[in-house]
Amino acid sequence: MWLWLAGALVKTSLLTGAIFQMVADGPLLVIIANVGGCPQYLALFRFKFMQVLLVERGVCLMDAAKVLLIESVRANGRSFSPSLEKRYDLSLAYSGKQGLSIAQELLPDVVVLDAVSMRTSGDRICRALRSHLPDTPIIHIRAPFEGKERPSPADAFLHHPFTWRKLINRVKRFAESHDKDGEILQAGNIRLNVPKRLLLVGDQEKRLTPKLAGLAELFLKHPNTVIARKMLIQQVWNTDYMGDTRTLDVHIRWLREAVEDNPSRPRVITTVRGVGYRLIPPT
């Protein structure tokens, strides 16, 4: 189909059935064609000259992997954000504290910590991120003189100088599982997209960490079945060590917060004392 605006005929043949939204932005008019809830087309018109400036297919980021970039405001001109935001659902933080807060709320698929732009080693920030996001991949960008042998909880390191393509390749490696279509598990009104780690309870959607997704997957594969604590630890944490099970307790509490109406009085993930837990699918 074609869109007539400001004396210009704009071809939008790929957007049959699209919902157009027009937003004034200074001297420009931004036209957003929304297809299936995703911005797919942008057309920019300059009022003064009644001229079409740009008509191009946009990138749908609704299903893109979530990437958190932590960098300094001083990173102007050398920021990696322009390269990342073209490919991923990018969020920015300009301090370690802000990054940690956003990460806990967003649960990104990958965190990129540009310690060089922040003029710090980044080790303290990286440790804080790891303590709150034990399963989220962290890419730590270091200065060239930072020793590779120094211990750090990051999953990958990049030492300046390097190209933006090298960073994209590292992010892609960690985020590629997000882009795969795969198994959907369901019990009652609870659904889990296994590769994307998306949990849907009714009409509420929540991105899970890998460990929480592993727990949810086990419960959804075995509804109404008591799963022993030992089996949960073996399957999700890949260990037989039972000396400290508090980590399991904490993750069960977090999972209850995602699926229960009242997590303090669980009805979906119930405790079988002395044995383990059971998922009772809600209707």
# chains A, B, ... in the order shown; residues from 1 in each chain; ligands from 1
call {"tool": "residues_around", "arguments": {"residues": "range 82-99 of chain A", "least_positions_apart": "4", "cutoff": "7 Å", "atoms": "only C-alpha atoms", "output": "ChimeraX atom specification"}}
result
/A:61,64-73,103,125
call {"tool": "write_last_selection", "arguments": {"atoms": "C-alpha atoms", "output": "mmCIF file, in the first residue's frame"}}
result
data_model
loop_
_atom_site.group_PDB
_atom_site.id
_atom_site.type_symbol
_atom_site.label_atom_id
_atom_site.label_comp_id
_atom_site.auth_asym_id
_atom_site.auth_seq_id
_atom_site.Cartn_x
_atom_site.Cartn_y
_atom_site.Cartn_z
ATOM 1 C CA LEU A 61 14.070 -5.273 18.696
ATOM 2 C CA ALA A 64 16.307 -9.151 20.380
ATOM 3 C CA ALA A 65 18.615 -10.160 23.192
ATOM 4 C CA LYS A 66 18.826 -7.663 26.038
ATOM 5 C CA VAL A 67 22.269 -6.124 26.477
ATOM 6 C CA LEU A 68 23.308 -3.792 29.296
ATOM 7 C CA LEU A 69 26.276 -1.529 28.576
ATOM 8 C CA ILE A 70 27.918 0.104 31.589
ATOM 9 C CA GLU A 71 30.193 2.939 30.584
ATOM 10 C CA SER A 72 31.173 6.446 31.613
ATOM 11 C CA VAL A 73 29.374 9.531 30.378
ATOM 12 C CA ALA A 103 20.625 -5.215 35.798
ATOM 13 C CA ILE A 125 31.743 -3.517 39.814
#
call {"tool": "residues_around", "arguments": {"residues": "Ile227 in chain A", "least_positions_apart": "3", "cutoff": "7 Å", "atoms": "only C-alpha atoms", "output": "ChimeraX atom specification"}}
result
/A:231-232,276-278
call {"tool": "write_last_selection", "arguments": {"atoms": "N, CA and C atoms", "output": "PDB file, in the first residue's frame"}}
result
ATOM      1  N   MET A 231      17.987 -33.800  43.638  1.00  0.00           N
ATOM      2  CA  MET A 231      17.862 -33.842  42.184  1.00  0.00           C
ATOM      3  C   MET A 231      17.876 -32.436  41.593  1.00  0.00           C
ATOM      4  N   LEU A 232      17.214 -31.487  42.239  1.00  0.00           N
ATOM      5  CA  LEU A 232      17.226 -30.110  41.754  1.00  0.00           C
ATOM      6  C   LEU A 232      18.640 -29.564  41.699  1.00  0.00           C
ATOM      7  N   GLY A 276      11.450 -32.308  49.191  1.00  0.00           N
ATOM      8  CA  GLY A 276      11.742 -31.338  48.146  1.00  0.00           C
ATOM      9  C   GLY A 276      10.575 -30.436  47.843  1.00  0.00           C
ATOM     10  N   TYR A 277      10.277 -30.258  46.547  1.00  0.00           N
ATOM     11  CA  TYR A 277       9.231 -29.322  46.137  1.00  0.00           C
ATOM     12  C   TYR A 277       8.352 -29.954  45.060  1.00  0.00           C
ATOM     13  N   ARG A 278       7.164 -29.395  44.890  1.00  0.00           N
ATOM     14  CA  ARG A 278       6.225 -29.894  43.893  1.00  0.00           C
ATOM     15  C   ARG A 278       5.516 -28.697  43.240  1.00  0.00           C
TER      16      ARG A 278
END
call {"tool": "atom_distance", "arguments": {"atom1": "CA of Ile190 in chain A", "atom2": "CA of Leu107 in chain A"}}
result
19.5 Å
call {"tool": "residues_around", "arguments": {"residues": "Thr245 in chain A", "least_positions_apart": "2", "cutoff": "12 Å", "atoms": "only C-alpha atoms", "output": "CSV table (one decimal) with N, CA, C and O atoms, in the first residue's frame"}}
result
chain,number,residue,atom,x,y,z
A,229,ARG,N,15.2,-32.3,46.6
A,229,ARG,CA,16.2,-31.2,46.7
A,229,ARG,C,17.5,-31.6,46.0
A,229,ARG,O,18.1,-30.9,45.3
A,230,LYS,N,17.9,-32.9,46.3
A,230,LYS,CA,19.2,-33.4,45.7
A,230,LYS,C,19.1,-33.4,44.2
A,230,LYS,O,20.1,-33.0,43.5
A,231,MET,N,18.0,-33.8,43.6
A,231,MET,CA,17.9,-33.8,42.2
A,231,MET,C,17.9,-32.4,41.6
A,231,MET,O,18.5,-32.2,40.5
A,232,LEU,N,17.2,-31.5,42.2
A,232,LEU,CA,17.2,-30.1,41.8
A,232,LEU,C,18.6,-29.6,41.7
A,232,LEU,O,19.0,-28.9,40.7
A,233,ILE,N,19.4,-29.8,42.8
A,233,ILE,CA,20.8,-29.3,42.8
A,233,ILE,C,21.6,-30.0,41.8
A,233,ILE,O,22.5,-29.4,41.1
A,234,GLN,N,21.5,-31.3,41.6
A,234,GLN,CA,22.2,-32.1,40.6
A,234,GLN,C,21.9,-31.6,39.2
A,234,GLN,O,22.8,-31.4,38.4
A,237,TRP,N,22.5,-27.2,39.1
A,237,TRP,CA,23.8,-26.7,39.5
A,237,TRP,C,24.9,-27.7,39.1
A,237,TRP,O,26.1,-27.4,39.3
A,239,THR,N,26.0,-30.4,40.4
A,239,THR,CA,26.9,-30.8,41.5
A,239,THR,C,26.1,-31.8,42.4
A,239,THR,O,24.9,-31.7,42.5
A,240,ASP,N,26.9,-32.6,43.1
A,240,ASP,CA,26.3,-33.5,44.1
A,240,ASP,C,26.5,-32.9,45.5
A,240,ASP,O,26.1,-33.5,46.5
A,241,TYR,N,27.1,-31.7,45.6
A,241,TYR,CA,27.4,-31.2,46.9
A,241,TYR,C,26.2,-30.7,47.6
A,241,TYR,O,25.4,-29.9,47.0
A,242,MET,N,25.9,-31.2,48.8
A,242,MET,CA,24.7,-30.8,49.5
A,242,MET,C,25.0,-30.1,50.8
A,242,MET,O,24.2,-30.0,51.7
A,243,GLY,N,26.2,-29.6,51.0
A,243,GLY,CA,26.6,-29.0,52.2
A,243,GLY,C,25.9,-27.7,52.5
A,243,GLY,O,25.6,-27.4,53.7
A,247,THR,N,21.4,-21.7,48.6
A,247,THR,CA,21.2,-21.1,47.3
A,247,THR,C,20.0,-21.7,46.6
A,247,THR,O,19.2,-20.9,45.9
A,248,LEU,N,19.7,-22.9,46.8
A,248,LEU,CA,18.4,-23.5,46.2
A,248,LEU,C,17.2,-22.8,46.9
A,248,LEU,O,16.3,-22.5,46.2
A,249,ASP,N,17.3,-22.6,48.2
A,249,ASP,CA,16.1,-22.0,48.9
A,249,ASP,C,15.9,-20.6,48.3
A,249,ASP,O,14.7,-20.2,48.1
A,250,VAL,N,16.9,-19.8,48.1
A,250,VAL,CA,16.8,-18.5,47.6
A,250,VAL,C,16.2,-18.5,46.2
A,250,VAL,O,15.3,-17.7,45.9
A,251,HIS,N,16.7,-19.4,45.3
A,251,HIS,CA,16.1,-19.5,44.0
A,251,HIS,C,14.7,-20.0,44.0
A,251,HIS,O,13.9,-19.5,43.1
A,252,ILE,N,14.3,-20.9,44.9
A,252,ILE,CA,12.9,-21.3,45.0
A,252,ILE,C,12.1,-20.1,45.4
A,252,ILE,O,10.9,-19.8,44.8
A,276,GLY,N,11.5,-32.3,49.2
A,276,GLY,CA,11.7,-31.3,48.1
A,276,GLY,C,10.6,-30.4,47.8
A,276,GLY,O,9.9,-30.0,48.8
call {"tool": "atom_distance", "arguments": {"atom1": "CA of Leu255 in chain A", "atom2": "CA of Arg173 in chain A"}}
result
26.9 Å
call {"tool": "select_by_dssp", "arguments": {"residues": "range 70-209 of chain A", "states": "helix (DSSP H, G or I)", "output": "PyMOL selection string"}}
result
chain A and resi 73-75+81-85+96-106+123-132+164-179
call {"tool": "residues_around", "arguments": {"residues": "Gly214 in chain A", "least_positions_apart": "3", "cutoff": "6 Å", "atoms": "only C-alpha atoms", "output": "list in words"}}
result
Lys211, Glu217 and Val236 of chain A
call {"tool": "closest_residue", "arguments": {"among": "A:Glu260, A:Glu105, A:Asp123, A:Asp135", "to": "Val201 in chain A", "atoms": "only C-alpha atoms"}}
result
A:Glu260
call {"tool": "atom_distance", "arguments": {"atom1": "CA of Phe174 in chain A", "atom2": "CA of Asp109 in chain A"}}
result
7.7 Å
